[in-house]
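Data from protein09.pdb: PDB, C-alpha atoms, pLDDT in the B column
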```
ATOM      1  CA  MET A   1     -93.517  28.430  13.748  1.00 69.00           C
ATOM      2  CA  ASP A   2     -92.973  31.143  11.154  1.00 77.00           C
ATOM      3  CA  ASN A   3     -92.081  30.160   7.572  1.00 78.00           C
ATOM      4  CA  ASN A   4     -88.418  31.193   7.705  1.00 81.00           C
ATOM      5  CA  LEU A   5     -87.807  29.289  10.931  1.00 83.00           C
ATOM      6  CA  ALA A   6     -89.652  26.243   9.553  1.00 77.00           C
ATOM      7  CA  ARG A   7     -87.472  26.398   6.434  1.00 73.00           C
ATOM      8  CA  ALA A   8     -84.329  26.565   8.575  1.00 78.00           C
ATOM      9  CA  MET A   9     -85.435  23.603  10.727  1.00 76.00           C
ATOM     10  CA  ALA A  10     -86.310  21.620   7.591  1.00 73.00           C
ATOM     11  CA  CYS A  11     -82.710  22.081   6.396  1.00 68.00           C
ATOM     12  CA  LEU A  12     -81.290  20.267   9.439  1.00 73.00           C
ATOM     13  CA  THR A  13     -80.593  16.837   7.979  1.00 80.00           C
ATOM     14  CA  THR A  14     -81.002  13.740  10.110  1.00 86.00           C
ATOM     15  CA  GLY A  15     -80.917   9.979   9.861  1.00 90.00           C
ATOM     16  CA  ILE A  16     -84.119   7.969   9.778  1.00 91.00           C
ATOM     17  CA  TYR A  17     -84.640   5.487  12.586  1.00 95.00           C
ATOM     18  CA  VAL A  18     -87.336   3.401  14.188  1.00 96.00           C
ATOM     19  CA  LEU A  19     -87.233   3.658  17.968  1.00 98.00           C
ATOM     20  CA  THR A  20     -88.732   0.595  19.635  1.00 98.00           C
ATOM     21  CA  THR A  21     -89.918  -0.227  23.130  1.00 98.00           C
ATOM     22  CA  GLN A  22     -91.185  -3.278  24.960  1.00 97.00           C
ATOM     23  CA  GLU A  23     -93.129  -3.046  28.177  1.00 96.00           C
ATOM     24  CA  ASN A  24     -95.094  -5.890  29.738  1.00 95.00           C
ATOM     25  CA  GLY A  25     -95.114  -7.798  26.449  1.00 94.00           C
ATOM     26  CA  ARG A  26     -96.410  -4.821  24.445  1.00 94.00           C
ATOM     27  CA  CYS A  27     -94.029  -3.997  21.585  1.00 97.00           C
ATOM     28  CA  HIS A  28     -94.151  -0.590  19.948  1.00 96.00           C
ATOM     29  CA  GLY A  29     -92.209   1.282  17.299  1.00 96.00           C
ATOM     30  CA  MET A  30     -92.150   4.883  16.124  1.00 94.00           C
ATOM     31  CA  SER A  31     -90.468   6.776  13.330  1.00 90.00           C
ATOM     32  CA  SER A  32     -87.671   8.807  14.844  1.00 90.00           C
ATOM     33  CA  SER A  33     -85.380  11.322  13.204  1.00 84.00           C
ATOM     34  CA  TRP A  34     -84.208  13.379  16.168  1.00 88.00           C
ATOM     35  CA  VAL A  35     -81.331  11.079  17.179  1.00 95.00           C
ATOM     36  CA  ALA A  36     -77.602  11.849  17.508  1.00 94.00           C
ATOM     37  CA  GLN A  37     -74.379  10.636  19.087  1.00 96.00           C
ATOM     38  CA  VAL A  38     -73.542  13.001  21.964  1.00 96.00           C
ATOM     39  CA  SER A  39     -70.357  11.475  23.462  1.00 96.00           C
ATOM     40  CA  GLY A  40     -67.447   9.411  22.243  1.00 94.00           C
ATOM     41  CA  GLU A  41     -66.024   8.213  25.561  1.00 96.00           C
ATOM     42  CA  PRO A  42     -68.139   6.740  26.872  1.00 97.00           C
ATOM     43  CA  VAL A  43     -70.314   6.349  23.798  1.00 96.00           C
ATOM     44  CA  ARG A  44     -73.689   7.999  24.345  1.00 98.00           C
ATOM     45  CA  LEU A  45     -76.547   8.759  22.007  1.00 97.00           C
ATOM     46  CA  MET A  46     -79.704  10.729  22.442  1.00 97.00           C
ATOM     47  CA  ALA A  47     -83.214  10.384  21.134  1.00 98.00           C
ATOM     48  CA  ALA A  48     -85.836  13.109  21.451  1.00 95.00           C
ATOM     49  CA  ILE A  49     -89.381  11.787  21.906  1.00 96.00           C
ATOM     50  CA  ASP A  50     -92.552  13.886  21.888  1.00 93.00           C
ATOM     51  CA  ASN A  51     -93.904  14.168  25.445  1.00 95.00           C
ATOM     52  CA  ALA A  52     -97.378  13.154  24.246  1.00 91.00           C
ATOM     53  CA  HIS A  53     -96.192  10.061  22.341  1.00 91.00           C
ATOM     54  CA  PHE A  54     -96.813   6.558  23.712  1.00 91.00           C
ATOM     55  CA  SER A  55     -93.086   5.725  23.440  1.00 95.00           C
ATOM     56  CA  ASN A  56     -92.093   8.561  25.775  1.00 96.00           C
ATOM     57  CA  GLY A  57     -93.794   6.957  28.775  1.00 96.00           C
ATOM     58  CA  ALA A  58     -92.581   3.464  27.891  1.00 97.00           C
ATOM     59  CA  VAL A  59     -88.942   4.618  27.635  1.00 98.00           C
ATOM     60  CA  ALA A  60     -89.237   6.618  30.861  1.00 98.00           C
ATOM     61  CA  ARG A  61     -90.662   3.626  32.745  1.00 98.00           C
ATOM     62  CA  THR A  62     -88.397   0.889  31.338  1.00 98.00           C
ATOM     63  CA  GLY A  63     -85.186   2.893  30.940  1.00 98.00           C
ATOM     64  CA  ALA A  64     -84.476   1.229  27.596  1.00 98.00           C
ATOM     65  CA  PHE A  65     -85.140   1.504  23.882  1.00 98.00           C
ATOM     66  CA  GLY A  66     -84.123  -0.058  20.610  1.00 98.00           C
ATOM     67  CA  LEU A  67     -82.717   2.109  17.858  1.00 98.00           C
ATOM     68  CA  ASN A  68     -83.229   0.546  14.448  1.00 97.00           C
ATOM     69  CA  ILE A  69     -81.227   2.298  11.736  1.00 96.00           C
ATOM     70  CA  VAL A  70     -83.207   2.320   8.503  1.00 95.00           C
ATOM     71  CA  GLY A  71     -81.350   1.749   5.240  1.00 95.00           C
ATOM     72  CA  ARG A  72     -82.584   2.390   1.736  1.00 92.00           C
ATOM     73  CA  ARG A  73     -83.670  -1.239   1.329  1.00 92.00           C
ATOM     74  CA  GLY A  74     -85.739  -0.938   4.522  1.00 91.00           C
ATOM     75  CA  ARG A  75     -87.657   2.163   3.373  1.00 86.00           C
ATOM     76  CA  GLU A  76     -90.961   0.360   3.977  1.00 92.00           C
ATOM     77  CA  LEU A  77     -90.262   0.687   7.729  1.00 93.00           C
ATOM     78  CA  GLU A  78     -90.363   4.481   7.509  1.00 87.00           C
ATOM     79  CA  ASP A  79     -93.424   4.345   5.297  1.00 87.00           C
ATOM     80  CA  TYR A  80     -95.252   2.127   7.805  1.00 94.00           C
ATOM     81  CA  PHE A  81     -94.258   3.993  10.979  1.00 90.00           C
ATOM     82  CA  ASN A  82     -95.151   7.331   9.411  1.00 82.00           C
ATOM     83  CA  SER A  83     -98.636   6.072   8.498  1.00 85.00           C
ATOM     84  CA  SER A  84    -101.911   5.998  10.400  1.00 85.00           C
ATOM     85  CA  ARG A  85    -101.662   2.164  10.552  1.00 90.00           C
ATOM     86  CA  ALA A  86     -98.842   2.506  13.115  1.00 89.00           C
ATOM     87  CA  ARG A  87    -100.739   4.836  15.459  1.00 88.00           C
ATOM     88  CA  ARG A  88    -101.604   2.245  18.075  1.00 89.00           C
ATOM     89  CA  ALA A  89     -99.884   0.977  21.195  1.00 86.00           C
ATOM     90  CA  ASP A  90     -98.992  -2.570  20.054  1.00 90.00           C
ATOM     91  CA  ASN A  91     -98.026  -1.804  16.467  1.00 95.00           C
ATOM     92  CA  LEU A  92     -95.342  -4.394  15.645  1.00 96.00           C
ATOM     93  CA  ASP A  93     -97.743  -7.257  14.951  1.00 92.00           C
ATOM     94  CA  GLY A  94     -97.104  -7.113  11.177  1.00 89.00           C
ATOM     95  CA  ILE A  95     -93.363  -6.391  11.406  1.00 95.00           C
ATOM     96  CA  GLU A  96     -90.679  -9.089  11.770  1.00 96.00           C
ATOM     97  CA  PHE A  97     -88.535  -8.532  14.850  1.00 98.00           C
ATOM     98  CA  GLU A  98     -86.653 -10.264  17.622  1.00 98.00           C
ATOM     99  CA  LEU A  99     -86.066  -9.100  21.163  1.00 98.00           C
ATOM    100  CA  SER A 100     -82.561  -7.867  21.878  1.00 98.00           C
ATOM    101  CA  PRO A 101     -80.355 -10.047  24.113  1.00 98.00           C
ATOM    102  CA  SER A 102     -79.968  -7.866  27.209  1.00 98.00           C
ATOM    103  CA  LEU A 103     -82.782  -5.307  27.388  1.00 98.00           C
ATOM    104  CA  ALA A 104     -85.453  -7.216  25.419  1.00 98.00           C
ATOM    105  CA  VAL A 105     -86.302  -4.311  23.096  1.00 98.00           C
ATOM    106  CA  PRO A 106     -87.468  -5.059  19.549  1.00 98.00           C
ATOM    107  CA  TRP A 107     -84.804  -5.288  16.867  1.00 98.00           C
ATOM    108  CA  LEU A 108     -86.467  -5.035  13.461  1.00 97.00           C
ATOM    109  CA  LYS A 109     -85.364  -7.595  10.845  1.00 96.00           C
ATOM    110  CA  LEU A 110     -85.480  -4.967   8.056  1.00 95.00           C
ATOM    111  CA  ALA A 111     -83.212  -2.532   9.919  1.00 97.00           C
ATOM    112  CA  MET A 112     -79.670  -2.341   8.560  1.00 96.00           C
ATOM    113  CA  ILE A 113     -78.341  -2.088  12.140  1.00 97.00           C
ATOM    114  CA  ALA A 114     -80.143  -2.361  15.466  1.00 98.00           C
ATOM    115  CA  VAL A 115     -78.915  -1.065  18.823  1.00 98.00           C
ATOM    116  CA  GLU A 116     -80.258  -1.724  22.307  1.00 98.00           C
ATOM    117  CA  ALA A 117     -79.683   1.238  24.600  1.00 98.00           C
ATOM    118  CA  ARG A 118     -80.034   1.847  28.346  1.00 98.00           C
ATOM    119  CA  VAL A 119     -81.196   5.322  29.381  1.00 98.00           C
ATOM    120  CA  VAL A 120     -78.672   7.085  31.632  1.00 98.00           C
ATOM    121  CA  ASP A 121     -80.236  10.560  31.748  1.00 98.00           C
ATOM    122  CA  SER A 122     -83.228  12.502  30.481  1.00 98.00           C
ATOM    123  CA  ARG A 123     -84.255  16.123  30.204  1.00 98.00           C
ATOM    124  CA  VAL A 124     -87.515  17.728  29.170  1.00 98.00           C
ATOM    125  CA  ALA A 125     -86.829  20.102  26.284  1.00 95.00           C
ATOM    126  CA  GLY A 126     -90.071  21.885  25.403  1.00 93.00           C
ATOM    127  CA  ASP A 127     -92.581  19.461  23.877  1.00 91.00           C
ATOM    128  CA  HIS A 128     -90.025  16.610  23.723  1.00 94.00           C
ATOM    129  CA  THR A 129     -87.902  14.691  26.220  1.00 98.00           C
ATOM    130  CA  ILE A 130     -84.264  14.043  25.401  1.00 98.00           C
ATOM    131  CA  PHE A 131     -83.259  10.554  26.492  1.00 98.00           C
ATOM    132  CA  VAL A 132     -79.482  10.081  26.733  1.00 98.00           C
ATOM    133  CA  ALA A 133     -78.558   6.416  26.472  1.00 98.00           C
ATOM    134  CA  SER A 134     -75.629   4.034  26.538  1.00 98.00           C
ATOM    135  CA  PRO A 135     -75.506   1.366  23.810  1.00 98.00           C
ATOM    136  CA  VAL A 136     -75.533  -2.133  25.324  1.00 98.00           C
ATOM    137  CA  ALA A 137     -75.427  -4.335  22.201  1.00 98.00           C
ATOM    138  CA  VAL A 138     -75.518  -3.942  18.426  1.00 98.00           C
ATOM    139  CA  ARG A 139     -76.813  -6.257  15.702  1.00 97.00           C
ATOM    140  CA  PRO A 140     -75.505  -5.489  12.199  1.00 96.00           C
ATOM    141  CA  ASN A 141     -77.833  -6.837   9.547  1.00 93.00           C
ATOM    142  CA  ALA A 142     -77.275  -5.613   6.007  1.00 83.00           C
ATOM    143  CA  ASN A 143     -74.691  -3.418   4.372  1.00 91.00           C
ATOM    144  CA  ASP A 144     -76.815  -0.582   3.046  1.00 94.00           C
ATOM    145  CA  ARG A 145     -76.806   3.208   2.735  1.00 94.00           C
ATOM    146  CA  PRO A 146     -78.586   4.787   5.718  1.00 94.00           C
ATOM    147  CA  LEU A 147     -81.806   6.566   4.856  1.00 91.00           C
ATOM    148  CA  THR A 148     -81.723  10.278   5.722  1.00 88.00           C
ATOM    149  CA  SER A 149     -84.253  13.049   5.928  1.00 84.00           C
ATOM    150  CA  LEU A 150     -83.153  14.184   2.459  1.00 82.00           C
ATOM    151  CA  ASP A 151     -84.572  10.940   1.029  1.00 81.00           C
ATOM    152  CA  LEU A 152     -88.075  11.752   2.289  1.00 76.00           C
ATOM    153  CA  ASP A 153     -90.679  13.932   0.596  1.00 73.00           C
ATOM    154  CA  TYR A 154     -91.657  15.434   3.951  1.00 68.00           C
ATOM    155  CA  VAL A 155     -90.015  16.916   7.039  1.00 69.00           C
ATOM    156  CA  TYR A 156     -91.108  16.441  10.657  1.00 66.00           C
ATOM    157  CA  LEU A 157     -90.992  19.757  12.532  1.00 63.00           C
ATOM    158  CA  GLY A 158     -92.474  18.616  15.857  1.00 64.00           C
ATOM    159  CA  GLY A 159     -95.894  17.766  17.209  1.00 64.00           C
ATOM    160  CA  ARG A 160     -98.155  17.028  14.291  1.00 69.00           C
ATOM    161  CA  GLN A 161     -96.357  19.476  12.003  1.00 65.00           C
ATOM    162  CA  VAL A 162     -95.114  17.679   8.895  1.00 69.00           C
ATOM    163  CA  VAL A 163     -94.374  19.745   5.782  1.00 65.00           C
ATOM    164  CA  ALA A 164     -93.565  18.845   2.196  1.00 68.00           C
ATOM    165  CA  ARG A 165     -89.845  18.951   1.422  1.00 71.00           C
ATOM    166  CA  ASP A 166     -89.027  21.940  -0.759  1.00 72.00           C
ATOM    167  CA  ARG A 167     -86.519  20.750  -3.348  1.00 69.00           C
ATOM    168  CA  SER A 168     -86.757  23.843  -5.540  1.00 75.00           C
ATOM    169  CA  GLY A 169     -83.316  25.057  -6.542  1.00 69.00           C
ATOM    170  CA  TRP A 170     -81.638  21.696  -5.901  1.00 72.00           C
ATOM    171  CA  ASP A 171     -79.307  20.490  -8.619  1.00 65.00           C
TER
END
```
Is it possible to express this structure as structure tokens?
Amino acid sequence: MDNNLARAMACLTTGIYVLTTQENGRCHGMSSSWVAQVSGEPVRLMAAIDNAHFSNGAVARTGAFGLNIVGRRGRELEDYFNSSRARRADNLDGIEFELSPSLAVPWLKLAMIAVEARVVDSRVAGDHTIFVASPVAVRPNANDRPLTSLDLDYVYLGGRQVVARDRSGWD
């Protein structure tokens, strides 16, 4: 990706989430920023997951995922899931969670809000798959300000490409 395009992509602001899966008793979470609401009636959201990531296959096979919205007080979730410690299949062993009521996906205790979502459609989009999902249940936890990509010192641009956030010229 050339520098100008990378700079443009880094300016697209996003929320910070932890997408979770559970398959055959194996619970996994991943840092996820490419998430958005895509319909109001019925409510639908989408999450883009790298085709080579463990979570992609688990979501495709189970048709479900948890979306844990990270607030400022839960920043340690982003720090953990963006670290090398989280790069293993069963990576929730040190994180407090409960399984959601209908789809049995992990809801993280530190998340400000957790959603369980059933996949209703998917499309391969380059090196990621877009999973469109219908929310099934929501668990509010703490009133907090959602963490966004502007709060991070880095920007995920796809694959293994993570760049330092350029804050030069910001007031």
Please evaluate the PyMOL selection byres ((chain A and resi 32) around 9) against the structure above and give the resulting residues as a short mmCIF file (atom, residue, chain, number, x, y, z; two decimals) with C-alpha atoms, in the frame of the given file.
```cif
data_model
loop_
_atom_site.label_atom_id
_atom_site.label_comp_id
_atom_site.auth_asym_id
_atom_site.auth_seq_id
_atom_site.Cartn_x
_atom_site.Cartn_y
_atom_site.Cartn_z
CA GLY A 15 -80.92 9.98 9.86
CA ILE A 16 -84.12 7.97 9.78
CA TYR A 17 -84.64 5.49 12.59
CA VAL A 18 -87.34 3.40 14.19
CA LEU A 19 -87.23 3.66 17.97
CA MET A 30 -92.15 4.88 16.12
CA SER A 31 -90.47 6.78 13.33
CA SER A 33 -85.38 11.32 13.20
CA TRP A 34 -84.21 13.38 16.17
CA VAL A 35 -81.33 11.08 17.18
CA ALA A 47 -83.21 10.38 21.13
CA ALA A 48 -85.84 13.11 21.45
CA ILE A 49 -89.38 11.79 21.91
CA LEU A 67 -82.72 2.11 17.86
CA GLU A 78 -90.36 4.48 7.51
#
```
**Message:** I need the residue nearest Asn56 (chain A) from this list: A:Ser83, A:Ser100, A:Asn143, A:Ser122. Use all atoms listed in the file for the distance.
**Reply:**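 Between A:Ser83, A:Ser100, A:Asn143, A:Ser122, the residue approaching Asn56 (chain A) most closely is A:Ser122.
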**Residues in the PyMOL selection byres ((chain A and resi 102-114) around 10), expressed as a PyMOL selection string** = chain A and resi 17-23+25+27-29+62-77+92+95-101+115-118+136-147
**Request:** Figure out the distance between CA of Ala36 (chain A) and CA of His128 (chain A), please, to one decimal in Å.
**Result:**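 Atom-to-atom, CA of His128 (chain A) to CA of Ala36 (chain A), that is 14.7 Å.
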**Message:** Considering only C-alpha atoms, can you say which of A:Trp170, A:Gly94, A:Arg165, A:Asp153 comes closest to Ala10 (chain A)?
**Reply:**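 Nearest candidate to Ala10 (chain A) out of A:Trp170, A:Gly94, A:Arg165, A:Asp153: A:Arg165.
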**Asked** What is the CA of Phe54 (chain A) to CA of Ser84 (chain A) distance in Å?
**Response** 14.3 Å
**Request:** Name the closest residue to Arg123 (chain A) among the candidates A:Arg61, A:Ser149, A:Met46, A:Phe81; distances are taken between atoms, counting only C-alpha atoms.
**Result:**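 Of A:Arg61, A:Ser149, A:Met46, A:Phe81, the one nearest Arg123 (chain A) is A:Met46, counting only C-alpha atoms.
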**Fill in**
Of A:Leu5, A:Val119, A:Ala86, A:Leu152, the one sitting nearest Ala133 (chain A) when using only C-alpha atoms is A:Val119
**Asked** If you measure from CA of Thr148 (chain A) to CA of Thr13 (chain A), what distance in Å do you get, rounded to one decimal?
**Response**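 One can read the CA of Thr148 (chain A) to CA of Thr13 (chain A) distance as 7.0 Å.
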**Which residue of A:Arg85, A:His53, A:Arg26, A:Arg44 approaches Val120 (chain A) most closely, using all atoms listed in the file** =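 Among the listed residues, the smallest separation from Val120 (chain A) belongs to A:Arg44.
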Can I get region 69-95 of chain A with N, CA and C atoms filled in, as a short mmCIF file (atom, residue, chain, number, x, y, z; two decimals), keeping the file's coordinate frame?
```cif
data_model
loop_
_atom_site.label_atom_id
_atom_site.label_comp_id
_atom_site.auth_asym_id
_atom_site.auth_seq_id
_atom_site.Cartn_x
_atom_site.Cartn_y
_atom_site.Cartn_z
N ILE A 69 -81.69 1.39 12.78
CA ILE A 69 -81.23 2.30 11.74
C ILE A 69 -81.79 1.81 10.41
N VAL A 70 -82.52 2.68 9.73
CA VAL A 70 -83.21 2.32 8.50
C VAL A 70 -82.30 2.61 7.31
N GLY A 71 -82.09 1.59 6.48
CA GLY A 71 -81.35 1.75 5.24
C GLY A 71 -82.30 1.91 4.08
N ARG A 72 -81.74 2.19 2.93
CA ARG A 72 -82.58 2.39 1.74
C ARG A 72 -83.44 1.17 1.43
N ARG A 73 -82.89 -0.03 1.63
CA ARG A 73 -83.67 -1.24 1.33
C ARG A 73 -84.76 -1.49 2.37
N GLY A 74 -84.72 -0.78 3.49
CA GLY A 74 -85.74 -0.94 4.52
C GLY A 74 -86.72 0.22 4.55
N ARG A 75 -86.81 0.96 3.46
CA ARG A 75 -87.66 2.16 3.37
C ARG A 75 -89.10 1.89 3.81
N GLU A 76 -89.58 0.67 3.60
CA GLU A 76 -90.96 0.36 3.98
C GLU A 76 -91.18 0.53 5.48
N LEU A 77 -90.12 0.44 6.28
CA LEU A 77 -90.26 0.69 7.73
C LEU A 77 -90.69 2.13 7.98
N GLU A 78 -90.00 3.07 7.35
CA GLU A 78 -90.36 4.48 7.51
C GLU A 78 -91.77 4.73 7.00
N ASP A 79 -92.09 4.15 5.86
CA ASP A 79 -93.42 4.34 5.30
C ASP A 79 -94.51 3.84 6.26
N TYR A 80 -94.27 2.67 6.86
CA TYR A 80 -95.25 2.13 7.80
C TYR A 80 -95.35 2.98 9.07
N PHE A 81 -94.21 3.28 9.70
CA PHE A 81 -94.26 3.99 10.98
C PHE A 81 -94.67 5.45 10.84
N ASN A 82 -94.66 5.97 9.64
CA ASN A 82 -95.15 7.33 9.41
C ASN A 82 -96.61 7.32 8.95
N SER A 83 -97.26 6.16 8.97
CA SER A 83 -98.64 6.07 8.50
C SER A 83 -99.61 5.95 9.67
N SER A 84 -100.88 6.11 9.37
CA SER A 84 -101.91 6.00 10.40
C SER A 84 -102.03 4.56 10.91
N ARG A 85 -101.61 3.57 10.12
CA ARG A 85 -101.66 2.16 10.55
C ARG A 85 -100.82 1.91 11.79
N ALA A 86 -99.76 2.72 11.99
CA ALA A 86 -98.84 2.51 13.12
C ALA A 86 -99.26 3.26 14.37
N ARG A 87 -100.33 4.01 14.32
CA ARG A 87 -100.74 4.84 15.46
C ARG A 87 -101.60 4.05 16.44
N ARG A 88 -100.96 3.06 17.05
CA ARG A 88 -101.60 2.24 18.08
C ARG A 88 -100.51 1.70 18.98
N ALA A 89 -100.87 1.33 20.17
CA ALA A 89 -99.88 0.98 21.20
C ALA A 89 -99.07 -0.26 20.85
N ASP A 90 -99.68 -1.31 20.33
CA ASP A 90 -98.99 -2.57 20.05
C ASP A 90 -98.89 -2.72 18.54
N ASN A 91 -98.00 -1.95 17.92
CA ASN A 91 -98.03 -1.80 16.47
C ASN A 91 -96.98 -2.63 15.70
N LEU A 92 -96.34 -3.59 16.34
CA LEU A 92 -95.34 -4.39 15.64
C LEU A 92 -95.88 -5.75 15.18
N ASP A 93 -97.18 -5.95 15.28
CA ASP A 93 -97.74 -7.26 14.95
C ASP A 93 -97.50 -7.67 13.50
N GLY A 94 -97.35 -6.76 12.58
CA GLY A 94 -97.10 -7.11 11.18
C GLY A 94 -95.66 -6.93 10.75
N ILE A 95 -94.78 -6.66 11.70
CA ILE A 95 -93.36 -6.39 11.41
C ILE A 95 -92.51 -7.52 12.01
#
```
